[in-house]
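This is work.cif. It holds mmCIF, N, CA and C atoms.
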```
data_query
loop_
_atom_site.label_atom_id
_atom_site.label_comp_id
_atom_site.auth_asym_id
_atom_site.auth_seq_id
_atom_site.Cartn_x
_atom_site.Cartn_y
_atom_site.Cartn_z
N MET A 79 -7.26 4.03 35.08
CA MET A 79 -6.27 4.35 36.09
C MET A 79 -6.06 5.85 36.13
N SER A 80 -6.13 6.41 37.30
CA SER A 80 -5.96 7.85 37.47
C SER A 80 -4.53 8.16 37.87
N ASN A 81 -4.01 9.27 37.38
CA ASN A 81 -2.67 9.70 37.74
C ASN A 81 -2.71 10.89 38.69
N THR A 82 -3.82 11.04 39.39
CA THR A 82 -3.93 12.18 40.28
C THR A 82 -3.99 11.73 41.73
N ILE A 83 -3.42 12.54 42.59
CA ILE A 83 -3.49 12.34 44.03
C ILE A 83 -3.98 13.66 44.62
N GLY A 84 -5.14 13.63 45.23
CA GLY A 84 -5.67 14.87 45.80
C GLY A 84 -5.82 15.97 44.79
N GLY A 85 -6.15 15.61 43.53
CA GLY A 85 -6.32 16.61 42.48
C GLY A 85 -5.03 17.00 41.79
N GLN A 86 -3.89 16.54 42.31
CA GLN A 86 -2.59 16.86 41.70
C GLN A 86 -2.15 15.71 40.80
N ASP A 87 -1.60 16.04 39.64
CA ASP A 87 -1.08 15.02 38.73
C ASP A 87 0.19 14.45 39.36
N SER A 88 0.22 13.15 39.56
CA SER A 88 1.35 12.51 40.23
C SER A 88 2.47 12.08 39.27
N ARG A 89 2.26 12.29 37.97
CA ARG A 89 3.28 11.89 37.00
C ARG A 89 4.49 12.82 37.07
N GLU A 90 5.63 12.30 36.61
CA GLU A 90 6.83 13.12 36.50
C GLU A 90 6.59 14.23 35.48
N ARG A 91 7.37 15.28 35.62
CA ARG A 91 7.36 16.39 34.67
C ARG A 91 8.79 16.59 34.19
N ILE A 92 8.94 17.22 33.05
CA ILE A 92 10.28 17.57 32.56
C ILE A 92 10.65 18.91 33.18
N VAL A 93 11.85 18.94 33.82
CA VAL A 93 12.26 20.14 34.53
C VAL A 93 13.52 20.80 33.95
N ALA A 94 14.25 20.06 33.10
CA ALA A 94 15.46 20.61 32.48
C ALA A 94 15.73 19.84 31.19
N VAL A 95 16.53 20.45 30.31
CA VAL A 95 16.80 19.85 29.00
C VAL A 95 18.27 19.95 28.64
N LYS A 96 18.69 19.12 27.71
CA LYS A 96 20.00 19.24 27.05
C LYS A 96 19.73 19.56 25.59
N LYS A 97 20.61 20.37 25.02
CA LYS A 97 20.48 20.75 23.61
C LYS A 97 21.79 20.47 22.89
N ASP A 98 21.68 20.23 21.58
CA ASP A 98 22.89 20.06 20.78
C ASP A 98 23.35 21.43 20.27
N GLY A 99 24.39 21.43 19.46
CA GLY A 99 24.95 22.68 18.95
C GLY A 99 24.00 23.50 18.11
N ASP A 100 22.95 22.85 17.57
CA ASP A 100 21.95 23.56 16.77
C ASP A 100 20.78 24.06 17.62
N GLY A 101 20.83 23.76 18.93
CA GLY A 101 19.75 24.17 19.81
C GLY A 101 18.59 23.19 19.86
N ASP A 102 18.77 22.02 19.22
CA ASP A 102 17.72 20.99 19.25
C ASP A 102 17.79 20.22 20.56
N LEU A 103 16.64 19.89 21.10
CA LEU A 103 16.58 19.14 22.36
C LEU A 103 17.09 17.72 22.13
N THR A 104 17.95 17.25 23.05
CA THR A 104 18.53 15.91 22.91
C THR A 104 18.29 15.02 24.12
N ALA A 105 18.00 15.61 25.29
CA ALA A 105 17.77 14.82 26.49
C ALA A 105 16.97 15.66 27.48
N PHE A 106 16.39 14.96 28.45
CA PHE A 106 15.48 15.61 29.40
C PHE A 106 15.77 15.12 30.81
N LYS A 107 15.60 16.01 31.80
CA LYS A 107 15.67 15.61 33.20
C LYS A 107 14.26 15.74 33.77
N THR A 108 13.84 14.71 34.51
CA THR A 108 12.49 14.71 35.07
C THR A 108 12.50 15.23 36.50
N SER A 109 11.30 15.46 37.00
CA SER A 109 11.14 15.97 38.36
C SER A 109 11.66 15.01 39.41
N SER A 110 11.83 13.74 39.07
CA SER A 110 12.39 12.78 40.03
C SER A 110 13.90 12.64 39.87
N GLY A 111 14.48 13.42 38.92
CA GLY A 111 15.92 13.40 38.73
C GLY A 111 16.42 12.44 37.67
N ARG A 112 15.49 11.73 37.02
CA ARG A 112 15.93 10.82 35.96
C ARG A 112 16.36 11.62 34.74
N GLU A 113 17.41 11.13 34.06
CA GLU A 113 17.86 11.73 32.82
C GLU A 113 17.51 10.77 31.69
N LEU A 114 16.74 11.27 30.73
CA LEU A 114 16.23 10.45 29.64
C LEU A 114 16.76 10.96 28.31
N ASP A 115 17.26 10.03 27.47
CA ASP A 115 17.61 10.45 26.12
C ASP A 115 16.30 10.70 25.37
N TYR A 116 16.41 11.29 24.20
CA TYR A 116 15.21 11.71 23.46
C TYR A 116 14.28 10.54 23.18
N ALA A 117 14.85 9.41 22.73
CA ALA A 117 14.02 8.26 22.35
C ALA A 117 13.26 7.70 23.56
N THR A 118 13.93 7.61 24.70
CA THR A 118 13.28 7.09 25.90
C THR A 118 12.18 8.05 26.37
N ALA A 119 12.50 9.34 26.38
CA ALA A 119 11.50 10.33 26.78
C ALA A 119 10.30 10.28 25.85
N PHE A 120 10.55 10.15 24.56
CA PHE A 120 9.46 10.10 23.58
C PHE A 120 8.53 8.93 23.89
N GLN A 121 9.10 7.77 24.17
CA GLN A 121 8.28 6.59 24.48
C GLN A 121 7.45 6.81 25.74
N GLU A 122 8.06 7.41 26.75
CA GLU A 122 7.34 7.64 28.01
C GLU A 122 6.25 8.70 27.85
N VAL A 123 6.52 9.73 27.04
CA VAL A 123 5.49 10.74 26.77
C VAL A 123 4.32 10.10 26.04
N GLN A 124 4.60 9.30 25.02
CA GLN A 124 3.53 8.64 24.27
C GLN A 124 2.71 7.71 25.16
N ALA A 125 3.35 7.10 26.14
CA ALA A 125 2.67 6.17 27.05
C ALA A 125 1.92 6.91 28.15
N GLY A 126 2.02 8.25 28.17
CA GLY A 126 1.31 9.04 29.17
C GLY A 126 1.97 9.05 30.54
N GLN A 127 3.24 8.71 30.60
CA GLN A 127 3.93 8.63 31.88
C GLN A 127 4.52 9.96 32.34
N ILE A 128 4.60 10.94 31.46
CA ILE A 128 5.17 12.24 31.82
C ILE A 128 4.12 13.31 31.56
N ALA A 129 3.88 14.13 32.56
CA ALA A 129 2.85 15.16 32.49
C ALA A 129 3.37 16.43 31.81
N GLY A 130 2.45 17.19 31.22
CA GLY A 130 2.77 18.51 30.69
C GLY A 130 3.38 18.53 29.31
N VAL A 131 3.49 17.37 28.67
CA VAL A 131 4.09 17.29 27.34
C VAL A 131 3.29 16.32 26.47
N ASN A 132 3.50 16.43 25.16
CA ASN A 132 2.84 15.53 24.22
C ASN A 132 3.76 15.33 23.03
N THR A 133 3.38 14.43 22.14
CA THR A 133 4.15 14.21 20.92
C THR A 133 3.33 14.69 19.72
N PHE A 134 4.03 15.10 18.69
CA PHE A 134 3.34 15.54 17.47
C PHE A 134 4.20 15.22 16.27
N LYS A 135 3.55 15.15 15.11
CA LYS A 135 4.25 14.91 13.84
C LYS A 135 4.52 16.26 13.18
N GLY A 136 5.80 16.54 12.94
CA GLY A 136 6.19 17.79 12.33
C GLY A 136 5.94 17.81 10.82
N LYS A 137 6.10 18.96 10.22
CA LYS A 137 5.92 19.10 8.77
C LYS A 137 6.90 18.24 7.99
N ASP A 138 8.01 17.90 8.63
CA ASP A 138 9.01 17.06 7.97
C ASP A 138 8.69 15.57 8.08
N GLY A 139 7.57 15.24 8.74
CA GLY A 139 7.16 13.85 8.87
C GLY A 139 7.73 13.15 10.09
N GLU A 140 8.66 13.81 10.79
CA GLU A 140 9.24 13.23 12.00
C GLU A 140 8.35 13.54 13.21
N PHE A 141 8.51 12.76 14.27
CA PHE A 141 7.75 12.97 15.49
C PHE A 141 8.61 13.65 16.54
N TYR A 142 7.99 14.53 17.32
CA TYR A 142 8.71 15.34 18.30
C TYR A 142 7.94 15.42 19.61
N ILE A 143 8.66 15.86 20.65
CA ILE A 143 8.07 16.13 21.96
C ILE A 143 7.90 17.63 22.09
N ARG A 144 6.77 18.06 22.63
CA ARG A 144 6.57 19.48 22.91
C ARG A 144 5.75 19.61 24.18
N GLY A 145 5.84 20.80 24.78
CA GLY A 145 5.04 21.08 25.96
C GLY A 145 3.58 21.26 25.58
N ASP A 146 2.69 20.91 26.51
CA ASP A 146 1.27 21.13 26.27
C ASP A 146 1.00 22.62 26.13
N ALA A 147 0.12 22.98 25.22
CA ALA A 147 -0.24 24.38 25.02
C ALA A 147 -1.07 24.84 26.21
N ASP A 148 -0.51 25.75 27.00
CA ASP A 148 -1.23 26.25 28.16
C ASP A 148 -1.18 27.77 28.24
N GLY A 149 -0.65 28.40 27.20
CA GLY A 149 -0.60 29.87 27.17
C GLY A 149 0.54 30.46 27.98
N ASP A 150 1.37 29.62 28.61
CA ASP A 150 2.48 30.11 29.44
C ASP A 150 3.80 29.78 28.75
N PRO A 151 4.41 30.76 28.07
CA PRO A 151 5.65 30.47 27.33
C PRO A 151 6.83 30.13 28.23
N THR A 152 6.77 30.45 29.53
CA THR A 152 7.91 30.21 30.41
C THR A 152 8.13 28.72 30.69
N ASN A 153 7.11 27.88 30.46
CA ASN A 153 7.31 26.45 30.71
C ASN A 153 7.47 25.65 29.41
N ASN A 154 7.66 26.35 28.30
CA ASN A 154 7.96 25.66 27.04
C ASN A 154 9.29 24.92 27.20
N LEU A 155 9.42 23.78 26.56
CA LEU A 155 10.63 22.99 26.73
C LEU A 155 11.89 23.78 26.40
N ASP A 156 11.84 24.63 25.37
CA ASP A 156 13.01 25.44 25.00
C ASP A 156 13.40 26.43 26.09
N GLN A 157 12.48 26.77 26.98
CA GLN A 157 12.74 27.76 28.02
C GLN A 157 13.21 27.15 29.34
N LEU A 158 13.18 25.82 29.43
CA LEU A 158 13.60 25.17 30.67
C LEU A 158 15.11 25.28 30.87
N PRO A 159 15.56 25.19 32.11
CA PRO A 159 17.00 25.25 32.36
C PRO A 159 17.74 24.09 31.69
N LEU A 160 19.01 24.33 31.42
CA LEU A 160 19.86 23.28 30.86
C LEU A 160 20.45 22.45 32.00
N PHE A 161 20.77 21.20 31.72
CA PHE A 161 21.46 20.37 32.71
C PHE A 161 22.65 19.69 32.05
#
```

When written as structure tokens, how does the structure in this file appear?
Amino acid sequence: MSNTIGGQDSRERIVAVKKDGDGDLTAFKTSSGRELDYATAFQEVQAGQIAGVNTFKGKDGEFYIRGDADGDPTNNLDQLPLF
């Protein structure tokens, strides 16, 4: 199954984030306006439903969401607008 239409990825993207008092990401807003808590977003990222992000296992053994490495720091999740 392809997620592209006319060469464009048709999947949702993360466009804004919520952070806790420590600056850790806690929720995400998608390009379609959906607001996802961390656990829901994590499941959707792992399932390949959200473009531009992936999951990884940190040094602490926990799993996290991060933006795909593309050399552009302006679209890193930490740099996205807050909602």

All file atoms of segment 122-139 of chain A boxed axis-aligned, 8 Å per side, centre plus edges, as AutoDock Vina command-line options:
```
--center_x 5.2 --center_y 12.6 --center_z 20.3 --size_x 23.7 --size_y 28.9 --size_z 40.6
```

Every residue of chain A that DSSP places in strand (DSSP E), as a PyMOL selection string: chain A and resi 82-83+86-87+90-97+103-108+113-115+128-129+131-135+141-145

- request: Name the residues of segment 88-159 of chain A that fall into alpha helix (DSSP H) according to DSSP on the backbone, using the chain letters and numbers of this document, as a ChimeraX atom specification.
  value: /A:116-124

task: Find, counting all atoms listed in the file, the residue in A:Lys97, A:Arg91, A:Lys107, A:Arg112 that gets nearest to Gly130 of chain A.
output: A:Arg91

Can you turn the PyMOL selection byres ((chain A and resi 161) around 5) into a concrete residue list for this file, as a PDB file with N, CA and C atoms, in the frame of the given file?
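For reference, part.pdb as written:
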```
ATOM      1  N   VAL A  95      16.530  20.450  30.310  1.00  0.00           N
ATOM      2  CA  VAL A  95      16.800  19.850  29.000  1.00  0.00           C
ATOM      3  C   VAL A  95      18.270  19.950  28.640  1.00  0.00           C
ATOM      4  N   LYS A  96      18.690  19.120  27.710  1.00  0.00           N
ATOM      5  CA  LYS A  96      20.000  19.240  27.050  1.00  0.00           C
ATOM      6  C   LYS A  96      19.730  19.560  25.590  1.00  0.00           C
ATOM      7  N   PRO A 159      15.560  25.190  32.110  1.00  0.00           N
ATOM      8  CA  PRO A 159      17.000  25.250  32.360  1.00  0.00           C
ATOM      9  C   PRO A 159      17.740  24.090  31.690  1.00  0.00           C
ATOM     10  N   LEU A 160      19.010  24.330  31.420  1.00  0.00           N
ATOM     11  CA  LEU A 160      19.860  23.280  30.860  1.00  0.00           C
ATOM     12  C   LEU A 160      20.450  22.450  32.000  1.00  0.00           C
TER      13      LEU A 160
END
```

field: Ground truth for the PyMOL selection byres ((chain A and resi 131) around 5), written as number ranges by chain
entry: A: 129-130, 132-133, 144-146

query: How many Å separate atom C of Asp115 of chain A from atom N of Gln86 of chain A?
result: 27.0 Å

field: Reference answer for the PyMOL selection byres (((chain A and resi 143 and name CA) around 12) and name CA), as a ChimeraX atom specification
entry: /A:92,95,102-106,115-124,128-136,140-142,144-146,154-156

message: Rounded to one decimal, what separation in Å do you get between atom N of Ala125 of chain A and atom N of Asp100 of chain A?
response: 26.6 Å

task: Kindly give the distance, in Å, that separates atom C of Ser109 of chain A and atom CA of Leu158 of chain A, rounded to a single decimal.
output: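 Those two atoms sit 13.5 Å apart.
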